[in-house]
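Novice: Next comes the structure file structure-v4.pdb, holding PDB, C-alpha atoms.
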MODEL        1
ATOM      1  CA  MET A   1      16.080 -17.336   2.502
ATOM      2  CA  LYS A   2      12.944 -18.586   4.191
ATOM      3  CA  LYS A   3      10.768 -21.186   2.535
ATOM      4  CA  ILE A   4       8.113 -19.609   0.310
ATOM      5  CA  ARG A   5       4.658 -19.917   1.814
ATOM      6  CA  ALA A   6       2.405 -21.697  -0.680
ATOM      7  CA  HIS A   7      -0.974 -20.088  -1.147
ATOM      8  CA  THR A   8      -4.071 -22.204  -0.850
ATOM      9  CA  ALA A   9      -6.802 -22.561  -3.470
ATOM     10  CA  GLU A  10      -9.155 -20.652  -1.171
ATOM     11  CA  GLU A  11      -6.702 -17.743  -0.925
ATOM     12  CA  THR A  12      -6.316 -17.684  -4.717
ATOM     13  CA  ILE A  13     -10.090 -17.562  -5.212
ATOM     14  CA  PHE A  14     -10.485 -14.879  -2.536
ATOM     15  CA  GLY A  15      -7.656 -12.829  -4.052
ATOM     16  CA  ASP A  16      -9.293 -12.986  -7.491
ATOM     17  CA  LEU A  17     -12.634 -11.986  -5.958
ATOM     18  CA  LEU A  18     -11.019  -9.081  -4.111
ATOM     19  CA  ALA A  19      -9.292  -7.841  -7.264
ATOM     20  CA  GLY A  20     -12.533  -8.224  -9.224
ATOM     21  CA  ILE A  21     -14.475  -6.150  -6.702
ATOM     22  CA  ALA A  22     -11.758  -3.484  -6.707
ATOM     23  CA  LEU A  23     -11.928  -3.289 -10.520
ATOM     24  CA  THR A  24     -15.570  -2.219 -10.355
ATOM     25  CA  PHE A  25     -14.429   0.983  -8.630
ATOM     26  CA  LEU A  26     -12.088   2.112 -11.410
ATOM     27  CA  ASP A  27     -12.285   5.872 -12.027
ATOM     28  CA  VAL A  28     -13.852   6.643  -8.623
ATOM     29  CA  PRO A  29     -12.212   9.952  -7.549
ATOM     30  CA  TYR A  30      -9.243  10.151  -5.227
ATOM     31  CA  LYS A  31      -9.497  12.388  -2.173
ATOM     32  CA  GLU A  32      -6.758  12.795   0.411
ATOM     33  CA  ALA A  33      -7.375  12.155   4.109
ATOM     34  CA  THR A  34     -10.990  11.054   3.777
ATOM     35  CA  LEU A  35     -11.207  10.037   7.450
ATOM     36  CA  GLU A  36      -9.557  13.044   9.056
ATOM     37  CA  GLY A  37     -11.639  15.451  11.144
ATOM     38  CA  SER A  38     -11.670  17.123  14.530
ATOM     39  CA  GLY A  39     -14.877  15.603  15.887
ATOM     40  CA  ARG A  40     -15.677  12.343  17.609
ATOM     41  CA  GLU A  41     -14.210   9.194  16.044
ATOM     42  CA  ASN A  42     -16.919   7.355  14.108
ATOM     43  CA  LEU A  43     -16.956   4.657  11.449
ATOM     44  CA  VAL A  44     -16.938   6.393   8.059
ATOM     45  CA  VAL A  45     -18.305   4.619   4.972
ATOM     46  CA  ASN A  46     -17.549   6.400   1.709
ATOM     47  CA  PHE A  47     -17.741   4.800  -1.740
ATOM     48  CA  ARG A  48     -17.811   8.133  -3.593
ATOM     49  CA  GLN A  49     -14.108   8.867  -3.118
ATOM     50  CA  PHE A  50     -11.071   7.143  -1.645
ATOM     51  CA  ASP A  51      -7.557   7.744  -0.438
ATOM     52  CA  CYS A  52      -5.183   4.829  -0.976
ATOM     53  CA  PHE A  53      -5.720   3.342   2.489
ATOM     54  CA  THR A  54      -9.522   3.625   2.593
ATOM     55  CA  PHE A  55      -9.674   2.047  -0.871
ATOM     56  CA  VAL A  56      -7.813  -1.037   0.372
ATOM     57  CA  GLU A  57      -9.850  -1.236   3.586
ATOM     58  CA  SER A  58     -13.184  -0.783   1.808
ATOM     59  CA  MET A  59     -12.458  -3.402  -0.869
ATOM     60  CA  LEU A  60     -11.213  -5.911   1.695
ATOM     61  CA  ALA A  61     -14.336  -5.354   3.806
ATOM     62  CA  LEU A  62     -16.555  -5.801   0.728
ATOM     63  CA  ALA A  63     -14.863  -9.076  -0.218
ATOM     64  CA  ARG A  64     -15.189 -10.403   3.336
ATOM     65  CA  TRP A  65     -18.818  -9.252   3.477
ATOM     66  CA  PHE A  66     -19.549 -10.978   0.159
ATOM     67  CA  THR A  67     -18.109 -14.305   1.333
ATOM     68  CA  SER A  68     -19.610 -14.133   4.827
ATOM     69  CA  GLY A  69     -23.044 -15.267   3.709
ATOM     70  CA  LYS A  70     -24.565 -12.352   5.628
ATOM     71  CA  LYS A  71     -25.706  -9.759   3.133
ATOM     72  CA  SER A  72     -26.994  -7.100   5.530
ATOM     73  CA  PRO A  73     -25.466  -3.595   5.622
ATOM     74  CA  ARG A  74     -24.742  -4.219   9.305
ATOM     75  CA  GLU A  75     -22.371  -7.056   8.388
ATOM     76  CA  TYR A  76     -20.410  -4.792   6.039
ATOM     77  CA  LEU A  77     -20.078  -2.215   8.801
ATOM     78  CA  ARG A  78     -18.880  -4.924  11.166
ATOM     79  CA  GLN A  79     -16.234  -6.070   8.709
ATOM     80  CA  LEU A  80     -15.003  -2.534   8.036
ATOM     81  CA  LYS A  81     -14.772  -1.709  11.736
ATOM     82  CA  LEU A  82     -12.939  -4.964  12.404
ATOM     83  CA  ILE A  83     -10.343  -4.119   9.748
ATOM     84  CA  ARG A  84      -9.913  -0.413  10.504
ATOM     85  CA  TYR A  85      -9.705  -0.363  14.314
ATOM     86  CA  ARG A  86      -7.434  -2.002  16.847
ATOM     87  CA  GLY A  87      -9.166  -5.149  18.001
ATOM     88  CA  GLY A  88     -12.199  -4.066  15.957
ATOM     89  CA  ILE A  89     -13.199  -1.586  18.678
ATOM     90  CA  ILE A  90     -13.682   2.162  18.237
ATOM     91  CA  ASP A  91     -12.229   3.911  21.268
ATOM     92  CA  GLY A  92     -11.212   7.357  20.110
ATOM     93  CA  TYR A  93      -8.836   8.574  17.407
ATOM     94  CA  SER A  94      -5.864   6.492  18.541
ATOM     95  CA  SER A  95      -7.860   3.251  18.214
ATOM     96  CA  ARG A  96      -7.822   3.654  14.435
ATOM     97  CA  LEU A  97      -4.899   1.803  12.836
ATOM     98  CA  HIS A  98      -3.244   4.823  11.206
ATOM     99  CA  TYR A  99       0.138   3.307  10.354
ATOM    100  CA  PHE A 100       0.300   0.432   7.901
ATOM    101  CA  THR A 101       2.660  -1.780   9.904
ATOM    102  CA  ASP A 102       0.384  -1.403  12.940
ATOM    103  CA  TRP A 103      -2.629  -2.160  10.736
ATOM    104  CA  LEU A 104      -0.852  -5.222   9.359
ATOM    105  CA  CYS A 105       0.130  -6.471  12.816
ATOM    106  CA  ASP A 106      -3.367  -6.086  14.235
ATOM    107  CA  ASN A 107      -5.110  -7.631  11.230
ATOM    108  CA  GLY A 108      -2.631 -10.486  11.329
ATOM    109  CA  LYS A 109      -3.709 -11.216  14.894
ATOM    110  CA  LYS A 110      -7.335 -11.186  13.733
ATOM    111  CA  LYS A 111      -6.481 -13.713  10.965
ATOM    112  CA  ILE A 112      -7.619 -11.281   8.279
ATOM    113  CA  LEU A 113      -4.196 -11.028   6.623
ATOM    114  CA  ALA A 114      -0.863 -12.797   6.542
ATOM    115  CA  ASP A 115       2.372 -10.836   6.164
ATOM    116  CA  ILE A 116       4.253 -12.891   3.540
ATOM    117  CA  THR A 117       7.116 -10.408   3.088
ATOM    118  CA  GLY A 118       9.535 -12.572   5.053
ATOM    119  CA  THR A 119       8.925 -15.558   2.761
ATOM    120  CA  LEU A 120       9.734 -13.343  -0.250
ATOM    121  CA  ASP A 121      13.250 -12.465   0.948
ATOM    122  CA  GLY A 122      12.106  -9.426   2.893
ATOM    123  CA  ARG A 123      14.742  -8.026   5.224
ATOM    124  CA  SER A 124      14.178  -7.026   8.829
ATOM    125  CA  ARG A 125      13.849  -3.326   9.542
ATOM    126  CA  ARG A 126      13.107  -1.137  12.541
ATOM    127  CA  ARG A 127      12.160   2.510  12.235
ATOM    128  CA  LYS A 128      11.294   5.354  14.553
ATOM    129  CA  ILE A 129       7.645   6.181  13.881
ATOM    130  CA  ASP A 130       6.482   9.703  14.789
ATOM    131  CA  PHE A 131       5.259  11.350  11.586
ATOM    132  CA  MET A 132       1.731  12.057  12.803
ATOM    133  CA  THR A 133       2.582  13.520  16.199
ATOM    134  CA  LYS A 134       5.277  15.654  14.534
ATOM    135  CA  ASN A 135       2.826  16.969  11.923
ATOM    136  CA  ILE A 136      -0.253  17.941  13.937
ATOM    137  CA  LYS A 137      -1.430  20.443  11.319
ATOM    138  CA  LEU A 138      -2.257  17.518   9.015
ATOM    139  CA  TYR A 139      -4.396  15.774  11.629
ATOM    140  CA  PRO A 140      -7.026  18.025  13.273
ATOM    141  CA  ALA A 141      -7.901  15.441  15.951
ATOM    142  CA  LEU A 142      -4.361  15.676  17.341
ATOM    143  CA  ARG A 143      -4.929  19.269  18.429
ATOM    144  CA  ASN A 144      -6.577  17.605  21.396
ATOM    145  CA  LYS A 145      -3.663  17.020  23.796
ATOM    146  CA  LYS A 146      -5.135  13.806  25.194
ATOM    147  CA  GLN A 147      -5.481  12.304  21.724
ATOM    148  CA  TRP A 148      -1.962  13.423  20.838
ATOM    149  CA  GLN A 149      -0.543  11.705  23.929
ATOM    150  CA  LYS A 150      -2.419   8.483  23.185
ATOM    151  CA  LEU A 151      -1.150   8.386  19.623
ATOM    152  CA  LEU A 152       2.369   9.175  20.810
ATOM    153  CA  ALA A 153       2.199   6.039  22.978
ATOM    154  CA  VAL A 154       1.031   4.044  19.946
ATOM    155  CA  GLU A 155       3.922   5.384  17.855
ATOM    156  CA  LYS A 156       6.459   4.393  20.517
ATOM    157  CA  LYS A 157       5.068   0.862  20.538
ATOM    158  CA  ILE A 158       5.246   0.603  16.735
ATOM    159  CA  SER A 159       8.815   1.926  16.795
ATOM    160  CA  ARG A 160       9.912  -1.032  18.920
ATOM    161  CA  ARG A 161       8.640  -3.575  16.397
ATOM    162  CA  ILE A 162      10.610  -5.195  13.608
ATOM    163  CA  PHE A 163       8.957  -5.379  10.199
ATOM    164  CA  ARG A 164      10.211  -6.767   6.895
ATOM    165  CA  VAL A 165      10.664  -5.050   3.560
ATOM    166  CA  ILE A 166      11.570  -6.425   0.121
ATOM    167  CA  ASN A 167      14.238  -4.113  -1.240
ATOM    168  CA  LYS A 168      13.823  -2.639  -4.712
ATOM    169  CA  SER A 169      16.727  -4.669  -6.063
ATOM    170  CA  LYS A 170      15.120  -7.935  -4.923
ATOM    171  CA  PHE A 171      11.557  -7.349  -6.080
ATOM    172  CA  ALA A 172      11.937  -8.682  -9.626
ATOM    173  CA  PHE A 173      13.075 -12.058  -8.266
ATOM    174  CA  CYS A 174      10.007 -12.625  -6.098
ATOM    175  CA  GLN A 175       7.116 -11.004  -7.942
ATOM    176  CA  LYS A 176       5.961 -14.262  -9.533
ATOM    177  CA  LYS A 177       5.002 -15.424  -6.026
ATOM    178  CA  ILE A 178       2.605 -12.491  -5.669
ATOM    179  CA  GLN A 179      -1.019 -13.123  -6.606
ATOM    180  CA  ASN A 180      -4.104 -11.097  -7.498
ATOM    181  CA  GLY A 181      -5.508  -9.225  -4.529
ATOM    182  CA  ASP A 182      -2.321  -9.265  -2.465
ATOM    183  CA  ILE A 183      -1.864  -5.956  -0.662
ATOM    184  CA  VAL A 184       1.253  -4.061  -1.711
ATOM    185  CA  ALA A 185       2.566  -1.397   0.678
ATOM    186  CA  PHE A 186       5.436   0.878  -0.311
ATOM    187  CA  ALA A 187       8.003   1.444   2.420
ATOM    188  CA  SER A 188       8.687   5.144   2.864
ATOM    189  CA  ALA A 189      12.007   6.958   2.750
ATOM    190  CA  GLN A 190      10.408   9.825   4.682
ATOM    191  CA  LYS A 191      11.516  10.304   8.271
ATOM    192  CA  GLY A 192       9.051   9.034  10.884
ATOM    193  CA  LEU A 193       6.867   7.110   8.436
ATOM    194  CA  ASP A 194       6.697   3.367   7.748
ATOM    195  CA  VAL A 195       4.634   3.228   4.541
ATOM    196  CA  ALA A 196       3.857   5.934   1.996
ATOM    197  CA  HIS A 197       1.326   4.240  -0.298
ATOM    198  CA  VAL A 198      -0.738   1.070  -0.623
ATOM    199  CA  GLY A 199      -2.746  -0.784  -3.267
ATOM    200  CA  PHE A 200      -3.516  -4.226  -4.702
ATOM    201  CA  ALA A 201      -1.410  -6.485  -6.893
ATOM    202  CA  PHE A 202      -3.120  -7.111 -10.225
ATOM    203  CA  TRP A 203      -1.966  -9.420 -13.005
ATOM    204  CA  GLN A 204      -2.671  -8.605 -16.646
ATOM    205  CA  GLY A 205      -1.323 -11.446 -18.756
ATOM    206  CA  LYS A 206       2.283 -12.020 -17.710
ATOM    207  CA  ASN A 207       2.749  -8.575 -16.209
ATOM    208  CA  LEU A 208       2.047  -7.442 -12.660
ATOM    209  CA  TYR A 209       0.516  -4.004 -12.056
ATOM    210  CA  LEU A 210      -0.804  -1.929  -9.156
ATOM    211  CA  LEU A 211      -4.544  -1.387  -8.699
ATOM    212  CA  HIS A 212      -4.836   1.623  -6.408
ATOM    213  CA  ALA A 213      -6.367   4.980  -5.530
ATOM    214  CA  SER A 214      -3.779   7.295  -7.075
ATOM    215  CA  SER A 215      -3.233  10.895  -6.004
ATOM    216  CA  LYS A 216      -1.314  11.548  -9.231
ATOM    217  CA  GLU A 217      -4.055  10.150 -11.472
ATOM    218  CA  GLY A 218      -6.807  11.547  -9.245
ATOM    219  CA  ALA A 219      -8.803   8.319  -9.243
ATOM    220  CA  VAL A 220      -8.781   4.567  -8.761
ATOM    221  CA  VAL A 221      -6.635   3.216 -11.602
ATOM    222  CA  ILE A 222      -4.442   0.378 -12.792
ATOM    223  CA  SER A 223      -0.885   1.674 -12.935
ATOM    224  CA  LYS A 224       0.416   2.436 -16.420
ATOM    225  CA  LYS A 225       3.800   1.032 -15.444
ATOM    226  CA  THR A 226       4.334  -2.499 -14.229
ATOM    227  CA  LEU A 227       4.568  -2.812 -10.450
ATOM    228  CA  ALA A 228       8.331  -3.381 -10.664
ATOM    229  CA  ALA A 229       8.799  -0.256 -12.822
ATOM    230  CA  TYR A 230       6.474   1.771 -10.606
ATOM    231  CA  LEU A 231       8.507   0.823  -7.542
ATOM    232  CA  LYS A 232      11.849   1.480  -9.217
ATOM    233  CA  SER A 233      10.853   4.908 -10.549
ATOM    234  CA  ASN A 234       9.746   6.394  -7.213
ATOM    235  CA  LYS A 235      12.616   7.673  -5.073
ATOM    236  CA  ASN A 236      10.322   7.998  -2.049
ATOM    237  CA  TYR A 237       9.852   4.213  -1.898
ATOM    238  CA  THR A 238      12.600   1.981  -0.505
ATOM    239  CA  GLY A 239      10.845  -1.339  -1.082
ATOM    240  CA  VAL A 240       7.560  -3.144  -0.519
ATOM    241  CA  ILE A 241       5.658  -5.086   2.113
ATOM    242  CA  ILE A 242       3.294  -7.795   0.841
ATOM    243  CA  ALA A 243       0.213  -8.930   2.770
ATOM    244  CA  ARG A 244      -2.096 -11.710   1.683
ATOM    245  CA  PRO A 245      -5.804 -11.565   2.601
ATOM    246  CA  LEU A 246      -6.942 -14.827   4.188
TER     247      LEU A 246
ENDMDL
END
Is it possible to express this structure as structure tokens?
Specialist:
Amino acid sequence: MKKIRAHTAEETIFGDLLAGIALTFLDVPYKEATLEGSGRENLVVNFRQFDCFTFVESMLALARWFTSGKKSPREYLRQLKLIRYRGGIIDGYSSRLHYFTDWLCDNGKKKILADITGTLDGRSRRRKIDFMTKNIKLYPALRNKKQWQKLLAVEKKISRRIFRVINKSKFAFCQKKIQNGDIVAFASAQKGLDVAHVGFAFWQGKNLYLLHASSKEGAVVISKKTLAAYLKSNKNYTGVIIARPL
């Protein structure tokens, strides 16, 4: 097993700040596919409702905005765009980082996150990614053939990458190395998809929970089950990927 990456004091403080900011949005309504539309790709800011992915992106952007020392709305928009789009540049629908492993890879290059899954006994995995281009009815923008072709090229590139996943059976042994504000992504058992859900790790006493925008609960909540129990009970999840905000 690889050597565990020690987290720095700055990362601990930032993780606590991130979790604290996310807590202030408890009970905000959940809404599926908050960014999906058929028009031109624009930066969407929405604090009235979240899906699981926009909740994570929005909270991360808020924490980075808060620590940037630049308190203008423009700086928040800059942070959100940097996180949400490949290279921080909006260039059509396919420039948005739709798949989590692509999002993680790009934000790793931008030094926004570190994928620590490998240091937590995560095992290498490769998967054919094509869920979006195979399910056009869920994504109105893909009715445009040019956009569909561009995203297909993105999917092929993602499919060639190796990513790491902590299997369900191994999670209990490594969870003590997870800290507040770490991003927890649930690897999907569904064909063509890398990750099915995402949220934040949140410690309450000695127990680790999930702070997330929940479709089942219909709002931003702290999971009723511990994170380990939540993972174990869902047959659609095969394991987790852990990313640490920097």
Novice: Can you tell me, as a ChimeraX atom specification, what residues are no more than 10 Å from His98 in chain A when counting all atoms listed in the file, ignoring any on the same chain fewer than 6 positions away?
Specialist: /A:53,84-86,132,151,154-155
Novice: Counting only C-alpha atoms, what is within 10 Å of Tyr76 in chain A, bar same-chain residues fewer than 2 positions away, as a PyMOL selection string?
Specialist: chain A and resi 45+58+61-66+68+70-74+78-82
Novice: Which range 68-133 of chain A residues have any atom within 6 Å of an atom of range 160-177 of chain A, and for each, what is the nearest pair of atoms with distance in Å to one decimal, counting all atoms listed in the file, rows sorted by chain and number, as CSV?
Specialist:
residue,atom,partner,partner_atom,distance
A:Leu120,CA,A:Cys174,CA,5.9
A:Gly122,CA,A:Ile166,CA,4.1
A:Arg123,CA,A:Arg164,CA,5.0
A:Ser124,CA,A:Arg164,CA,4.4
A:Arg125,CA,A:Phe163,CA,5.3
A:Arg126,CA,A:Ile162,CA,4.9
Novice: Could you expand the PyMOL selection byres ((chain A and resi 182-195) around 9) into the explicit residues it covers here, written as a ChimeraX atom specification?
Specialist: /A:15,18-19,56,99-101,127-132,134,165-166,178-181,196-202,210,231,235-245
Novice: What residues have an atom no more than 10 Å from (-19.4, 5.3, 15.3) in the file's own frame, counting only C-alpha atoms, and can you write them as a list in words?
Specialist: Arg40, Glu41, Asn42, Leu43, Val44, Leu77, Lys81, Ile89, Ile90, Asp91 and Gly92 of chain A
Novice: Compare A:Asn135, A:Ser214, A:Gln147, A:Ser94 by their minimum atom-to-atom distance to Gln49 in chain A, counting only C-alpha atoms, and give me the closest one.
Specialist: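 Selected residue with least distance to Gln49 in chain A: A:Ser214.
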Novice: Given the choices A:Glu57, A:Ile13, A:Gly108, A:Leu23, which gets closest to Leu211 in chain A if the distance is worked out from all atoms listed in the file?
Specialist: A:Leu23
